[in-house]
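Everything below belongs to model22.cif, which stores mmCIF, C-alpha atoms.
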```cif
data_entry
loop_
_atom_site.label_atom_id
_atom_site.label_comp_id
_atom_site.auth_asym_id
_atom_site.auth_seq_id
_atom_site.Cartn_x
_atom_site.Cartn_y
_atom_site.Cartn_z
CA MET A 1 0.00 0.00 0.00
CA ARG A 2 2.77 2.37 1.01
CA LYS A 3 4.61 1.55 -2.24
CA SER A 4 1.50 2.30 -4.28
CA VAL A 5 1.06 5.69 -2.61
CA MET A 6 4.71 6.50 -3.14
CA LEU A 7 4.50 5.51 -6.81
CA ILE A 8 1.43 7.70 -7.33
CA PHE A 9 3.20 10.62 -5.67
CA VAL A 10 6.29 10.22 -7.88
CA VAL A 11 4.25 9.98 -11.08
CA SER A 12 2.16 13.03 -10.13
CA PHE A 13 5.26 15.06 -9.34
CA ALA A 14 6.89 14.06 -12.64
CA LEU A 15 3.83 15.04 -14.64
CA ALA A 16 3.58 18.39 -12.88
CA PHE A 17 7.26 19.09 -13.49
CA GLN A 18 6.92 18.16 -17.18
CA ALA A 19 3.94 20.49 -17.59
CA LEU A 20 5.88 23.30 -15.96
CA ALA A 21 8.90 22.71 -18.19
CA GLN A 22 6.74 22.90 -21.33
CA THR A 23 5.24 26.27 -20.33
CA PRO A 24 7.41 28.99 -21.87
CA ALA A 25 8.61 31.65 -19.50
CA GLN A 26 7.48 35.19 -20.30
CA ALA A 27 10.08 36.58 -22.69
CA PRO A 28 11.47 40.05 -22.06
CA PRO A 29 10.17 42.72 -24.46
CA LYS A 30 11.97 42.65 -27.79
CA PRO A 31 13.94 45.79 -28.59
CA LYS A 32 12.54 47.92 -31.39
CA PRO A 33 14.27 47.13 -34.66
CA ALA A 34 17.02 49.55 -35.51
CA GLY A 35 17.06 51.41 -38.80
CA PRO A 36 18.79 49.80 -41.79
CA SER A 37 22.53 49.51 -41.53
CA ALA A 38 24.78 51.64 -43.68
CA GLY A 39 25.36 48.66 -45.93
CA ALA A 40 21.64 48.03 -46.34
CA ALA A 41 21.01 51.70 -46.99
CA GLY A 42 23.68 51.67 -49.64
CA LYS A 43 22.08 48.71 -51.36
CA SER A 44 18.68 50.40 -51.23
CA ALA A 45 20.08 53.58 -52.75
CA ALA A 46 21.91 51.65 -55.43
CA ALA A 47 18.71 49.89 -56.41
CA SER A 48 16.68 53.07 -56.69
CA PHE A 49 17.97 54.34 -60.02
CA ASP A 50 17.62 53.12 -63.58
CA ARG A 51 20.55 50.74 -64.10
CA THR A 52 20.86 51.86 -67.73
CA LEU A 53 22.34 55.10 -66.35
CA LEU A 54 25.49 53.12 -65.57
CA ARG A 55 26.04 52.68 -69.33
CA PRO A 56 25.98 56.15 -70.92
CA THR A 57 26.94 54.82 -74.34
CA MET A 58 23.51 53.16 -74.56
CA LEU A 59 21.64 56.45 -74.17
CA LYS A 60 21.81 57.73 -77.74
CA GLU A 61 18.17 58.03 -78.76
CA LYS A 62 17.29 61.03 -80.92
CA ALA A 63 14.92 63.44 -79.19
CA PRO A 64 11.62 64.69 -80.67
CA GLU A 65 11.81 68.10 -82.30
CA THR A 66 9.86 69.60 -79.39
CA PHE A 67 8.73 68.16 -76.07
CA GLN A 68 7.98 69.14 -72.49
CA VAL A 69 9.57 67.96 -69.27
CA LYS A 70 7.65 68.23 -66.02
CA PHE A 71 9.71 68.77 -62.87
CA GLU A 72 8.08 67.89 -59.56
CA THR A 73 9.99 69.52 -56.70
CA THR A 74 9.67 70.06 -52.97
CA ARG A 75 8.54 73.63 -53.81
CA GLY A 76 6.01 72.75 -56.49
CA ASP A 77 6.00 71.81 -60.17
CA PHE A 78 7.28 73.56 -63.26
CA THR A 79 7.60 72.58 -66.92
CA MET A 80 10.34 73.08 -69.49
CA ASP A 81 9.55 73.52 -73.19
CA VAL A 82 12.42 71.94 -75.13
CA THR A 83 13.32 72.76 -78.76
CA ARG A 84 15.80 70.43 -80.45
CA ALA A 85 16.67 72.84 -83.27
CA TRP A 86 18.18 75.26 -80.73
CA ALA A 87 20.88 72.80 -79.59
CA PRO A 88 20.47 69.30 -81.08
CA MET A 89 23.29 67.52 -79.26
CA GLY A 90 22.35 69.04 -75.94
CA VAL A 91 18.68 68.19 -76.37
CA ASP A 92 19.37 64.58 -77.34
CA ARG A 93 21.46 64.19 -74.18
CA PHE A 94 18.79 65.84 -72.03
CA TYR A 95 16.00 63.71 -73.53
CA ASN A 96 17.85 60.48 -72.76
CA LEU A 97 18.70 61.57 -69.22
CA VAL A 98 15.10 62.47 -68.44
CA LYS A 99 13.72 59.34 -70.08
CA HIS A 100 15.87 57.22 -67.77
CA HIS A 101 15.04 59.28 -64.66
CA TYR A 102 18.48 60.76 -64.16
CA TYR A 103 17.07 63.89 -62.51
CA ASP A 104 14.79 62.02 -60.08
CA ASN A 105 15.58 62.41 -56.36
CA MET A 106 18.14 65.12 -57.21
CA VAL A 107 19.18 67.98 -54.96
CA VAL A 108 19.18 71.49 -56.43
CA PHE A 109 22.64 72.36 -55.13
CA ARG A 110 22.99 75.90 -56.48
CA ALA A 111 20.52 78.79 -56.38
CA VAL A 112 21.94 82.31 -56.61
CA PRO A 113 19.29 85.06 -56.45
CA GLY A 114 19.38 87.32 -59.49
CA PHE A 115 21.57 84.91 -61.45
CA VAL A 116 20.81 81.17 -61.91
CA VAL A 117 19.58 77.97 -60.36
CA GLN A 118 21.72 74.94 -61.24
CA PHE A 119 21.46 71.15 -60.81
CA GLY A 120 22.53 67.93 -62.49
CA ILE A 121 24.81 65.99 -60.11
CA SER A 122 23.23 62.61 -59.46
CA SER A 123 22.29 61.57 -55.94
CA TYR A 124 24.04 58.26 -56.61
CA PRO A 125 27.88 58.16 -56.67
CA ALA A 126 27.93 55.16 -59.00
CA VAL A 127 25.97 57.12 -61.61
CA ASN A 128 28.30 60.12 -61.31
CA ALA A 129 31.29 57.87 -61.83
CA ALA A 130 29.71 56.35 -64.94
CA TRP A 131 29.18 59.80 -66.52
CA ARG A 132 32.61 61.16 -65.67
CA ASN A 133 33.95 60.95 -69.22
CA SER A 134 30.72 61.28 -71.16
CA ASP A 135 30.86 64.89 -72.33
CA ILE A 136 29.17 66.01 -75.53
CA GLN A 137 30.35 68.42 -78.19
CA ASP A 138 29.32 72.05 -78.08
CA ASP A 139 26.28 73.27 -79.98
CA PRO A 140 26.33 76.67 -81.69
CA VAL A 141 24.65 79.36 -79.60
CA THR A 142 21.40 80.16 -81.43
CA GLN A 143 19.42 81.66 -78.52
CA SER A 144 20.31 84.17 -75.83
CA ASN A 145 20.61 83.35 -72.13
CA LYS A 146 17.62 85.41 -71.06
CA ARG A 147 15.38 84.99 -68.04
CA GLY A 148 13.69 81.60 -68.04
CA TYR A 149 16.08 80.01 -70.57
CA VAL A 150 17.68 76.64 -69.79
CA THR A 151 21.32 75.89 -70.65
CA TYR A 152 24.06 73.35 -69.86
CA ALA A 153 26.74 74.23 -67.36
CA LYS A 154 30.28 73.57 -68.57
CA THR A 155 33.90 74.18 -67.74
CA SER A 156 36.14 76.71 -69.49
CA GLN A 157 37.20 73.95 -71.89
CA PRO A 158 35.38 73.28 -75.17
CA ASN A 159 33.04 70.29 -75.46
CA SER A 160 32.68 69.92 -71.68
CA ARG A 161 28.88 69.69 -71.31
CA SER A 162 27.66 66.59 -69.51
CA THR A 163 24.60 66.47 -67.23
CA GLN A 164 24.40 69.76 -65.32
CA ILE A 165 21.96 72.44 -66.43
CA PHE A 166 20.94 75.88 -65.18
CA ILE A 167 17.96 78.22 -65.50
CA SER A 168 18.61 81.96 -65.74
CA PHE A 169 16.83 84.24 -63.29
CA LYS A 170 17.63 87.35 -65.35
CA ASP A 171 19.09 88.43 -68.67
CA ASN A 172 22.46 86.61 -68.67
CA SER A 173 23.24 87.36 -72.31
CA PHE A 174 26.89 87.95 -71.37
CA LEU A 175 27.11 84.12 -71.33
CA ASP A 176 26.26 83.88 -75.03
CA SER A 177 29.78 84.75 -76.18
CA GLN A 178 31.19 82.13 -73.79
CA GLY A 179 29.48 79.29 -75.66
CA PHE A 180 26.51 78.65 -73.37
CA ALA A 181 23.77 77.43 -75.74
CA PRO A 182 20.17 77.52 -74.40
CA PHE A 183 17.93 74.60 -75.39
CA ALA A 184 14.68 75.11 -73.46
CA THR A 185 12.51 77.64 -71.61
CA VAL A 186 10.47 77.84 -68.42
CA ASP A 187 7.38 80.06 -68.62
CA ALA A 188 6.38 82.81 -66.19
CA ALA A 189 4.26 80.53 -64.01
CA GLY A 190 7.05 77.98 -63.78
CA MET A 191 9.62 80.63 -62.89
CA LYS A 192 7.58 81.51 -59.80
CA VAL A 193 8.26 77.97 -58.56
CA VAL A 194 11.92 78.03 -59.63
CA GLU A 195 12.46 81.25 -57.68
CA MET A 196 11.16 79.59 -54.51
CA LEU A 197 13.92 76.96 -54.54
CA TYR A 198 16.08 77.39 -51.44
CA ASP A 199 18.84 79.93 -52.15
CA GLN A 200 20.33 80.93 -48.80
CA TYR A 201 23.44 78.77 -49.23
CA GLY A 202 24.35 80.73 -52.36
CA ASP A 203 27.48 79.40 -54.06
CA GLN A 204 28.77 77.41 -51.08
CA PRO A 205 27.73 73.97 -52.38
CA THR A 206 28.97 74.89 -55.87
CA ASN A 207 32.52 74.87 -54.59
CA GLU A 208 32.12 71.30 -53.34
CA GLN A 209 31.03 69.58 -56.53
CA ASP A 210 33.73 66.92 -56.27
CA GLN A 211 32.49 65.87 -52.84
CA ILE A 212 28.87 65.92 -53.98
CA SER A 213 29.77 63.68 -56.92
CA LYS A 214 31.67 61.22 -54.75
CA LEU A 215 29.21 61.03 -51.85
CA GLY A 216 25.89 61.88 -53.50
CA LYS A 217 22.73 63.11 -51.85
CA ALA A 218 23.81 61.94 -48.40
CA TYR A 219 26.53 64.58 -48.37
CA LEU A 220 24.17 67.41 -49.26
CA ASP A 221 21.52 66.18 -46.84
CA SER A 222 24.00 66.30 -43.97
CA LYS A 223 25.78 69.55 -44.79
CA TYR A 224 23.06 71.56 -46.60
CA PRO A 225 19.80 70.07 -45.29
CA LYS A 226 17.54 72.91 -46.45
CA LEU A 227 18.22 72.48 -50.16
CA ASP A 228 15.22 71.53 -52.29
CA VAL A 229 14.89 68.28 -54.20
CA ILE A 230 13.61 67.35 -57.65
CA LYS A 231 11.32 64.43 -56.84
CA HIS A 232 10.64 63.46 -60.46
CA ALA A 233 11.41 64.77 -63.95
CA THR A 234 9.37 63.16 -66.73
CA ILE A 235 8.61 63.63 -70.41
CA ALA A 236 5.22 65.33 -70.43
CA GLY A 237 4.33 65.70 -74.11
CA ALA A 238 4.77 68.13 -76.98
CA ALA A 239 6.12 71.59 -76.19
CA ALA A 240 3.72 74.50 -76.03
CA ALA A 241 3.92 76.58 -79.18
CA ALA A 242 6.12 79.64 -78.82
CA ALA A 243 6.01 79.60 -75.04
CA ALA A 244 7.37 82.93 -73.87
CA PRO A 245 9.53 82.94 -70.77
CA ALA A 246 9.01 85.51 -68.06
CA LYS A 247 10.09 89.08 -68.67
CA THR A 248 13.65 89.96 -67.82
CA ALA A 249 14.24 91.42 -64.40
CA ALA A 250 16.32 94.55 -63.86
CA PRO A 251 20.03 93.96 -64.69
CA LYS A 252 22.35 93.09 -61.80
CA PRO A 253 26.14 92.79 -61.59
CA LYS A 254 27.55 89.84 -63.50
CA ALA A 255 28.19 86.65 -61.59
CA ALA A 256 30.53 83.78 -62.28
CA ALA A 257 29.51 81.60 -65.21
CA PRO A 258 27.83 78.29 -64.31
CA ALA A 259 30.68 75.81 -64.11
CA ALA A 260 30.56 72.06 -63.88
CA THR A 261 33.35 69.96 -62.45
CA LYS A 262 33.99 66.35 -63.29
CA PRO A 263 33.28 63.60 -60.77
CA GLN A 264 36.57 62.21 -59.51
#
```
Is it possible to express this structure as structure tokens?
Amino acid sequence: MRKSVMLIFVVSFALAFQALAQTPAQAPPKPKPAGPSAGAAGKSAAASFDRTLLRPTMLKEKAPETFQVKFETTRGDFTMDVTRAWAPMGVDRFYNLVKHHYYDNMVVFRAVPGFVVQFGISSYPAVNAAWRNSDIQDDPVTQSNKRGYVTYAKTSQPNSRSTQIFISFKDNSFLDSQGFAPFATVDAAGMKVVEMLYDQYGDQPTNEQDQISKLGKAYLDSKYPKLDVIKHATIAGAAAAAAAPAKTAAPKPKAAAPAATKPQ
């Protein structure tokens, strides 16, 4: 009898212990997941551009004779009317860049009141490296650099246009004799948006183009966080017939010509 009681007690204890062992203890709260690592962020950034941009020699499509490009920015939208006859080589390059979303997610790194707004350095270092030696030949200057006209930036050397462009805030016709060939216009309504782009850094970022090219948008975001961004630039259709840019503002002292430096 005593053995039977003892056996029952042992079995009951074993079953209770087994049940307890199978009950998971309350786990401590899991820490909130950290943000993506630098490596993961790099991979995400690398995957966010059109991979064709890494092969500039493939982007040789002839542009339409006229077309529009819509720019969506953090200050609002504006549209460029592009005319191929004004600067055929420049327009073909611009058409291919826009078609493959080169200007998407791009920081407007230079805005000088009373002179120009300038952009065209990719947010992605790999893309900048790919375009380092992809300059195009100069086009003859057939239009004047007046208010609202769009032109490529270049160095003092011939045939040095690549991807950077600028929009004149005033009559910058002194640039005509220096080989700056306009290829598009922004109308009066669009210029109201362009003039709202953040301009309080002036020419500071312009002097750091090598660093911007090497480090991309992350560099500008950290050092010049108030700069505006082009969210998207897309082909929008045929250009408006004879779209007249805004009237020229009162002349101001000449500023340095829009210069582009090569990514290192």
inquiry  = Going by the chain IDs and residue numbers used in this file, which residues fall under the PyMOL selection byres ((chain A and resi 225) around 12)? Write them as a list in words.
reply    = Val107, Val108, Phe109, Tyr198, Gln200, Tyr201, Pro205, Lys217, Ala218, Tyr219, Leu220, Asp221, Ser222, Lys223, Tyr224, Lys226, Leu227, Asp228 and Val229 of chain A
note = Computed gap from atom CA of A:Thr142 to atom CA of A:Ala181 is 6.7 Å
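The environment of stretch 150-158 of chain A within 6 Å, counting all atoms listed in the file and disregarding residues fewer than 3 places along the same chain, consists of Arg161, Gln164, Ile165, Phe166, Ile167, Ala181, Pro182, Phe183, Ala184, Thr185, Pro258, Ala259 and Ala260 of chain A.
Computed from the coordinates, the atom CA of A:Phe78 to atom CA of A:Val186 distance equals 7.4 Å.
Each of A:Arg93, A:Lys146, A:Arg55, A:Arg110 was checked against A:Trp131 using all atoms listed in the file; the smallest atom-to-atom distance is that of A:Arg55.
When all atoms listed in the file are used to compute distances to A:Tyr102, the closest of the residues A:Tyr149, A:Phe180, A:Phe169, A:Tyr124 turns out to be A:Tyr124.
For the residues A:Ser177, A:Asn207, A:Ser123, A:Asn128, ranking by smallest atom-to-atom distance to A:Asn105 using all atoms listed in the file places A:Ser123 first.
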key: Close residues, A:Asn172 itself excluded, 8 Å, all atoms listed in the file, min 5 positions apart in chain, as number ranges by chain   = A: 115, 144-147, 254
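Here atom CA of A:Ala130 stands at a distance of 13.9 Å from atom CA of A:Leu215.
Evaluated on this file, the PyMOL selection byres ((chain A and resi 213) around 9) matches A:Ile121, A:Ser122, A:Ser123, A:Tyr124, A:Pro125, A:Ala126, A:Val127, A:Asn128, A:Ala129, A:Glu208, A:Gln209, A:Asp210, A:Gln211, A:Ile212, A:Lys214, A:Leu215, A:Gly216, A:Lys217, A:Lys262, A:Pro263, A:Gln264.
The nearest approach to A:Asp139 among the residues A:Pro88, A:Leu175, A:Pro113, A:Ala189, with only C-alpha atoms taken into account, belongs to A:Pro88.
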inquiry  = Would you pick out the contacts of A:His100 at 9 Å or less, using all atoms listed in the file, so that residues sharing its chain but fewer than 2 positions from it are not included, and give the list as an NGL selection string?
reply    = :A and (49-53 or 59 or 95-98 or 102-103 or 234)
inquiry  = Around the point (10.6, 63.4, -67.6) (coordinates from the file), which residues reach within 7 Å if we count only C-alpha atoms? Answer as a VMD selection string.
reply    = chain A and resid 69 to 70 98 to 99 101 233 to 236
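Take the candidates A:Arg132, A:Val193, A:Phe67, A:Ala257 and check each one against A:Asp81 using only C-alpha atoms; the shortest distance goes to A:Phe67.
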